[in-house]
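Below is one structure, written out as structure tokens, with a few remarks after it.
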Amino acid sequence: MRWILKPDPNNTIVKDLASELSVSPKIASVLAQRGITTFEEAKHFFRPSLDNLHDPYLMKDMDKAVDRIERAIINNENILIFGDYDVDGTTSVSLMYAYLITYYPNITTYIPDRYEEGYGVSYQGIDFASDNEFSLIIALDCGIKAIDKVAYATKKEIDFIICDHHKPGENIPKASAVLNPKRKDCSYPYKELCGCGVGFKLIQALAHNQGKTIHDLTHYLDLVVTAIAADIVPMTGENRILAYYGLQVINSSPRIGIKVLIHQLDKKEISISDVVFIIAPRINAAGRIKHGNYAVSLLIENNFEDALEIAASIEQFNSNRKELDKSITQAALYQIIDANETENHATVVYDDDWHKGVIGIVASRLIETYYRPTVVFTKSGEKLAASVRSVKGFDVYNALEACEEFIEQYGGHKYAAGLTIKPEKYESFKKKFEEVVKETIDTKLLTPEIVIDTELDFTEITPKFFRIIKQMGPFGPQNMNPIFKTSAVRDNGYGKQVGEDKKHLKLNVFQGSNRNTFGAIGFNLGYKMNEINNGFEITYQLEENTWKGNTSIQLLLKDLK
């Protein structure tokens, strides 16, 4: 691990902010590092307001999208709500369906089959719309590159409204409306919405035309926060406002489908981490293992017993997903070792029999062992399909662009993408991808980094300090849970390795002459037990630990040396 300490912000700003907010200089420093330098900015940060969301009509084509939907309703047309099979796609479809069904019955949903149709808008989906007399498709979390498919739909007299957030190509599909804040010609102020976020802006615009306000739409935000958390978009601006209120909905009155996913959790409060690690994987498991329709059925279900039944199926899919993830990761690691590729700059692996639904997770797992851009292929019909994951600071989308000559189709983001190739191009692609990464990556990016907000003495960790840190959530990219560093730390002698294969580290640490200890847990740090000596450094986040009814501040160790 590379430890990188953020530079100290301007001292005058820190002093003024600490005084105005009545907080410690360390809190003021952490805020200033995040661009929060005035009382007014701090107020907006700590008290997000729905009234600070942007006017949806600032988005290019929003007026066209609303007009086309309203025309469809006046003309009694059938509307097909189409979305991708992942969390962002299924929550987007559920959101649009849940809103429109409140006043218009002629709608249904369509999620493409991951294995039969692949990612994004599909010809099969358009044929389904044509065969069943749908004249309007609203595509969510996909479609920005579906130029040929939108043209195909037009020939069948089917109009498209596209709500997407992925990077557009040079040309935009000729649809009735294309909503995407990343369009070069779109001046919408916030560019980082997820697909469900773009869908929410559309229902916000529709609601506005019906005389409703944003406050009439808050009960949809449990879906939006789930998509924001799962899609790992920046937790800034509108995303943070939507996530903040979405968590409130999850904790007070979630829709039945989400309620059944969390009702067994013995937790007073659901956090953004719970959404990432408990709700999202289960919604995702439906599309990975069986079909994304299960996820949509769960999220739009209004009967508790029926929702429990769907959730039980999804739970089984999730168990299957975990088993596949574990076995395929193991096989891929052996493949890297057998091919003598442990020192490569990139990982590219392939097996015919790997389950297409989990190769994205496997790519992320491989990065945990070999920290480098990773591509995991499997057989998909006549072609090979891959999931791509990157390391912090390296744009894998640009790397794929450099390998275009061997690729049939690709799309995605800076850190995650998907592609298909012909089987005979696999070796050529593998060689080229390794070359491109080797030539373009800064080698220091091949060592994971820990970015530390500030150094702390244990005496500074008070209940008030921790309470303010918690209020900085919800956390996510560009607003991460602060990481602190403390030096000259000692263990009280009861430190030990815990868990399966003694993988984890459990310590009770103190600093200097103050013998007040903090419990500390370091997941996957068990191998560092021999570094626990008379004085060591730790990096950590603060969290709450409840044991036998007692709640205390615990240190979540990131690294030690």
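Numbering starts fresh at 1 for the residues of each chain in the structure tokens, the chains themselves are lettered A, B, ... in the order given, and ligands are numbered from 1 as they appear.
For Asn479 (chain A), the non-local neighbours within 8 Å, defined as residues at least 3 positions apart in the same chain or in other chains and counting only C-alpha atoms, are Arg34, Pro234, Met235, Thr236, Gly473, Phe475 and Gly476 of chain A.
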Using only N, CA and C atoms, please write the residues we just selected to a file, as a PDB file, in the first residue's frame.
ATOM      1  N   ARG A  34     -12.386  18.949   1.072  1.00  0.00           N
ATOM      2  CA  ARG A  34     -13.481  18.559   0.173  1.00  0.00           C
ATOM      3  C   ARG A  34     -14.116  19.761  -0.521  1.00  0.00           C
ATOM      4  N   PRO A 234     -20.142   9.461  -8.297  1.00  0.00           N
ATOM      5  CA  PRO A 234     -19.682  10.392  -7.259  1.00  0.00           C
ATOM      6  C   PRO A 234     -20.795  10.759  -6.274  1.00  0.00           C
ATOM      7  N   MET A 235     -20.450  10.784  -4.987  1.00  0.00           N
ATOM      8  CA  MET A 235     -21.421  11.154  -3.955  1.00  0.00           C
ATOM      9  C   MET A 235     -21.294  12.659  -3.700  1.00  0.00           C
ATOM     10  N   THR A 236     -21.611  13.407  -4.748  1.00  0.00           N
ATOM     11  CA  THR A 236     -21.517  14.861  -4.708  1.00  0.00           C
ATOM     12  C   THR A 236     -22.807  15.443  -5.267  1.00  0.00           C
ATOM     13  N   GLY A 473     -21.796  11.902   5.935  1.00  0.00           N
ATOM     14  CA  GLY A 473     -22.333  10.936   4.995  1.00  0.00           C
ATOM     15  C   GLY A 473     -23.571  11.490   4.313  1.00  0.00           C
ATOM     16  N   PHE A 475     -21.538   8.520   2.347  1.00  0.00           N
ATOM     17  CA  PHE A 475     -20.211   8.500   1.751  1.00  0.00           C
ATOM     18  C   PHE A 475     -20.209   7.756   0.425  1.00  0.00           C
ATOM     19  N   GLY A 476     -19.261   8.133  -0.410  1.00  0.00           N
ATOM     20  CA  GLY A 476     -19.096   7.491  -1.712  1.00  0.00           C
ATOM     21  C   GLY A 476     -17.984   8.217  -2.449  1.00  0.00           C
TER      22      GLY A 476
END
Find the residues around region 209-211 of chain A up to 12 Å (only C-alpha atoms counted), leave out those fewer than 4 positions away in its own chain, and share them as a list in words.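 Those residues are Pro56, Tyr57, Met62, Asp63, Val66, Asp67, Ile69, Glu70, Tyr103, Leu202, Ile203, Gln204, Ala205, His215 and Asp216 of chain A.
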For the selection just defined, write its residues with N, CA and C atoms to a file, as a JSON list (two decimals), in the first residue's frame.
[["chain", "number", "residue", "atom", "x", "y", "z"],
["A", 56, "PRO", "N", -35.30, 20.08, -13.94],
["A", 56, "PRO", "CA", -35.07, 19.00, -14.92],
["A", 56, "PRO", "C", -35.08, 19.50, -16.36],
["A", 57, "TYR", "N", -35.78, 20.63, -16.60],
["A", 57, "TYR", "CA", -35.86, 21.14, -17.97],
["A", 57, "TYR", "C", -34.56, 21.78, -18.45],
["A", 62, "MET", "N", -35.34, 17.42, -22.61],
["A", 62, "MET", "CA", -36.34, 17.08, -21.59],
["A", 62, "MET", "C", -37.74, 17.47, -22.04],
["A", 63, "ASP", "N", -37.86, 18.66, -22.65],
["A", 63, "ASP", "CA", -39.18, 19.10, -23.13],
["A", 63, "ASP", "C", -39.72, 18.13, -24.18],
["A", 66, "VAL", "N", -40.92, 14.80, -22.39],
["A", 66, "VAL", "CA", -42.21, 14.99, -21.70],
["A", 66, "VAL", "C", -43.34, 15.10, -22.71],
["A", 67, "ASP", "N", -43.10, 15.86, -23.76],
["A", 67, "ASP", "CA", -44.12, 16.05, -24.80],
["A", 67, "ASP", "C", -44.50, 14.71, -25.44],
["A", 69, "ILE", "N", -44.19, 11.63, -24.19],
["A", 69, "ILE", "CA", -44.92, 10.76, -23.24],
["A", 69, "ILE", "C", -46.36, 11.25, -23.07],
["A", 70, "GLU", "N", -46.53, 12.55, -22.96],
["A", 70, "GLU", "CA", -47.89, 13.09, -22.79],
["A", 70, "GLU", "C", -48.74, 12.83, -24.02],
["A", 103, "TYR", "N", -51.10, 6.76, -13.02],
["A", 103, "TYR", "CA", -52.14, 7.47, -13.78],
["A", 103, "TYR", "C", -52.31, 6.99, -15.22],
["A", 202, "LEU", "N", -36.64, 12.76, -15.27],
["A", 202, "LEU", "CA", -37.77, 12.70, -16.21],
["A", 202, "LEU", "C", -39.10, 12.67, -15.46],
["A", 203, "ILE", "N", -39.20, 11.88, -14.40],
["A", 203, "ILE", "CA", -40.49, 11.88, -13.68],
["A", 203, "ILE", "C", -40.68, 13.20, -12.91],
["A", 204, "GLN", "N", -39.58, 13.84, -12.55],
["A", 204, "GLN", "CA", -39.68, 15.17, -11.91],
["A", 204, "GLN", "C", -40.29, 16.17, -12.90],
["A", 205, "ALA", "N", -39.86, 16.09, -14.16],
["A", 205, "ALA", "CA", -40.40, 16.99, -15.19],
["A", 205, "ALA", "C", -41.86, 16.67, -15.48],
["A", 215, "HIS", "N", -41.30, 17.43, -3.58],
["A", 215, "HIS", "CA", -41.68, 16.84, -2.28],
["A", 215, "HIS", "C", -42.78, 15.78, -2.44],
["A", 216, "ASP", "N", -43.43, 15.76, -3.60],
["A", 216, "ASP", "CA", -44.42, 14.71, -3.88],
["A", 216, "ASP", "C", -43.77, 13.43, -4.40]]
Among region 32-180 of chain A, which ones does DSSP place in alpha helix (DSSP H), written as a ChimeraX atom specification? /A:32-33,39-46,62-74,87-100,123-131,147-155
For Thr342 (chain A), find every residue with an atom within 12 Å (counting only C-alpha atoms), except residues of its own chain fewer than 3 positions away, and show them as a ChimeraX atom specification. /A:332-339,345-348,366-367,369-372
Store the residues picked out above, limited to N, CA and C atoms, as an mmCIF file, in the first residue's frame.
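As a result, out29.cif now contains:
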data_model
loop_
_atom_site.group_PDB
_atom_site.id
_atom_site.type_symbol
_atom_site.label_atom_id
_atom_site.label_comp_id
_atom_site.auth_asym_id
_atom_site.auth_seq_id
_atom_site.Cartn_x
_atom_site.Cartn_y
_atom_site.Cartn_z
ATOM 1 N N ALA A 332 -9.402 -18.640 -12.085
ATOM 2 C CA ALA A 332 -8.709 -17.563 -12.803
ATOM 3 C C ALA A 332 -7.329 -17.296 -12.200
ATOM 4 N N LEU A 333 -7.233 -17.354 -10.874
ATOM 5 C CA LEU A 333 -5.928 -17.153 -10.216
ATOM 6 C C LEU A 333 -4.943 -18.244 -10.620
ATOM 7 N N TYR A 334 -5.422 -19.503 -10.681
ATOM 8 C CA TYR A 334 -4.564 -20.599 -11.133
ATOM 9 C C TYR A 334 -4.101 -20.367 -12.573
ATOM 10 N N GLN A 335 -5.029 -19.854 -13.409
ATOM 11 C CA GLN A 335 -4.697 -19.616 -14.810
ATOM 12 C C GLN A 335 -3.570 -18.590 -14.944
ATOM 13 N N ILE A 336 -3.618 -17.539 -14.127
ATOM 14 C CA ILE A 336 -2.581 -16.498 -14.152
ATOM 15 C C ILE A 336 -1.225 -17.089 -13.758
ATOM 16 N N ILE A 337 -1.245 -17.905 -12.708
ATOM 17 C CA ILE A 337 0.003 -18.518 -12.228
ATOM 18 C C ILE A 337 0.549 -19.512 -13.258
ATOM 19 N N ASP A 338 -0.342 -20.365 -13.794
ATOM 20 C CA ASP A 338 0.088 -21.376 -14.770
ATOM 21 C C ASP A 338 0.684 -20.749 -16.027
ATOM 22 N N ALA A 339 0.135 -19.594 -16.426
ATOM 23 C CA ALA A 339 0.621 -18.924 -17.641
ATOM 24 C C ALA A 339 1.832 -18.041 -17.356
ATOM 25 N N HIS A 345 1.428 -6.344 -16.615
ATOM 26 C CA HIS A 345 0.851 -5.034 -16.284
ATOM 27 C C HIS A 345 -0.672 -5.069 -16.328
ATOM 28 N N ALA A 346 -1.230 -6.113 -16.937
ATOM 29 C CA ALA A 346 -2.689 -6.274 -17.031
ATOM 30 C C ALA A 346 -3.025 -7.754 -16.875
ATOM 31 N N THR A 347 -4.257 -8.017 -16.508
ATOM 32 C CA THR A 347 -4.756 -9.392 -16.420
ATOM 33 C C THR A 347 -5.803 -9.588 -17.510
ATOM 34 N N VAL A 348 -5.620 -10.609 -18.352
ATOM 35 C CA VAL A 348 -6.648 -11.019 -19.313
ATOM 36 C C VAL A 348 -6.775 -12.535 -19.203
ATOM 37 N N LEU A 366 -10.006 -10.387 -8.757
ATOM 38 C CA LEU A 366 -8.635 -10.576 -9.233
ATOM 39 C C LEU A 366 -7.784 -9.339 -8.938
ATOM 40 N N ILE A 367 -8.405 -8.165 -8.997
ATOM 41 C CA ILE A 367 -7.685 -6.922 -8.696
ATOM 42 C C ILE A 367 -7.264 -6.899 -7.223
ATOM 43 N N THR A 369 -6.024 -9.337 -5.687
ATOM 44 C CA THR A 369 -4.768 -10.100 -5.615
ATOM 45 C C THR A 369 -3.683 -9.477 -6.486
ATOM 46 N N TYR A 370 -4.012 -9.224 -7.764
ATOM 47 C CA TYR A 370 -3.069 -8.596 -8.692
ATOM 48 C C TYR A 370 -3.642 -7.237 -9.060
ATOM 49 N N TYR A 371 -3.121 -6.212 -8.452
ATOM 50 C CA TYR A 371 -3.702 -4.881 -8.580
ATOM 51 C C TYR A 371 -3.306 -4.268 -9.930
ATOM 52 N N ARG A 372 -4.173 -4.525 -10.945
ATOM 53 C CA ARG A 372 -3.889 -4.028 -12.295
ATOM 54 C C ARG A 372 -5.172 -4.134 -13.134
#
Option closest in space to Lys60 (chain A), from A:Asn516, A:Ser552, A:Ser24, A:Ser187 [counting only C-alpha atoms]: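 The answer is A:Ser187, which sits nearest to Lys60 (chain A).
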Find the residue from A:Asn318, A:His54, A:Val451, A:Lys267 that sits nearest to Pro189 (chain A); use only C-alpha atoms when measuring. A:His54
Neighbours of region 464-471 of chain A within 8 Å (only C-alpha atoms; same-chain residues fewer than 4 positions away dropped), as a compact mmCIF listing (two decimals) with N, CA and C atoms, in the first residue's frame?
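To be explicit, this is the file written out as around-v1.txt:
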# COMPACT_ATOMS: atom_id res chain seq x y z
N SER A 24 -13.77 21.26 15.69
CA SER A 24 -12.32 21.20 15.89
C SER A 24 -11.60 21.53 14.59
N ILE A 27 -11.70 18.69 12.04
CA ILE A 27 -12.95 18.59 11.26
C ILE A 27 -12.95 19.66 10.17
N PHE A 46 -24.03 19.77 5.17
CA PHE A 46 -24.58 19.04 6.32
C PHE A 46 -26.10 18.97 6.31
N GLU A 460 -8.11 13.24 20.29
CA GLU A 460 -9.03 14.05 19.48
C GLU A 460 -10.30 13.29 19.10
N ASN A 481 -15.64 8.22 3.27
CA ASN A 481 -15.53 8.24 4.73
C ASN A 481 -14.07 8.56 5.06
N PRO A 482 -13.82 9.62 5.85
CA PRO A 482 -12.43 10.05 6.08
C PRO A 482 -11.54 8.93 6.62
N LEU A 542 -13.38 5.57 11.27
CA LEU A 542 -14.13 5.42 12.52
C LEU A 542 -15.48 4.79 12.24
N ILE A 553 -16.98 3.56 19.91
CA ILE A 553 -16.27 3.92 18.67
C ILE A 553 -15.20 2.85 18.42
Go through A:Trp547, A:Phe484, A:Tyr115, A:Phe45 one by one, measure the shortest atom-to-atom distance of each to Tyr85 (chain A) using only C-alpha atoms, and give the residue with the smallest value. A:Tyr115
Between A:Leu507, A:Gly237, A:Ser513, A:Gly418, which has the minimum distance to Thr459 (chain A) (counting only C-alpha atoms)? A:Ser513
Would you compute the distance between CA of Lys6 (chain A) and CA of Gln33 (chain A)? Give it in Å to one decimal.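 Result for CA of Lys6 (chain A) versus CA of Gln33 (chain A): 7.9 Å, one decimal.
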Give me every strand (DSSP E) residue in region 393-516 of chain A, going by DSSP on the backbone, as a ChimeraX atom specification. /A:409-412,416-421,449-452,454-455,484-491,496-498,504-511,514-516
I'd like the neighbourhood of region 421-427 of chain A as a list in words, where a residue qualifies if any of its atoms comes within 8 Å (using only C-alpha atoms), though same-chain residues fewer than 5 positions away should be ignored. Glu382, Lys383, Leu384, Ala385, Phe406, Ile407, Glu408 and Gln409 of chain A
Dump as a PDB file, in the first residue's frame, selection limited to C-alpha atoms:
ATOM      1  CA  GLU A 382     -20.671 -17.437 -31.047  1.00  0.00           C
ATOM      2  CA  LYS A 383     -18.555 -14.720 -29.426  1.00  0.00           C
ATOM      3  CA  LEU A 384     -16.574 -14.034 -26.278  1.00  0.00           C
ATOM      4  CA  ALA A 385     -17.936 -11.513 -23.782  1.00  0.00           C
ATOM      5  CA  PHE A 406      -9.864  -6.537 -32.239  1.00  0.00           C
ATOM      6  CA  ILE A 407     -13.184  -5.624 -30.594  1.00  0.00           C
ATOM      7  CA  GLU A 408     -16.693  -6.173 -31.952  1.00  0.00           C
ATOM      8  CA  GLN A 409     -18.499  -3.974 -29.436  1.00  0.00           C
TER       9      GLN A 409
END
Choose the residue, out of A:Glu401, A:Asp131, A:Glu309, A:Glu301, that has the smallest atom-to-atom separation from Ala153 (chain A); count only C-alpha atoms.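 Smallest distance to Ala153 (chain A) is found for A:Asp131.
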For Glu368 (chain A), the nearest of the candidates A:Asn284, A:Asn251, A:Asn524, A:Asn514, counting only C-alpha atoms: A:Asn524
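Excluding Ile73 (chain A) and any residue on its chain fewer than 5 positions from it, the residues at most 12 Å away by only C-alpha atoms are A:Val66, A:Asp67, A:Arg68, A:Asn78, A:Ile79, A:Leu100, A:Ile101, A:Tyr103, A:Tyr104, A:Pro105, A:Asn106, A:Ile107, A:Ser135, A:Leu136, A:Leu206.
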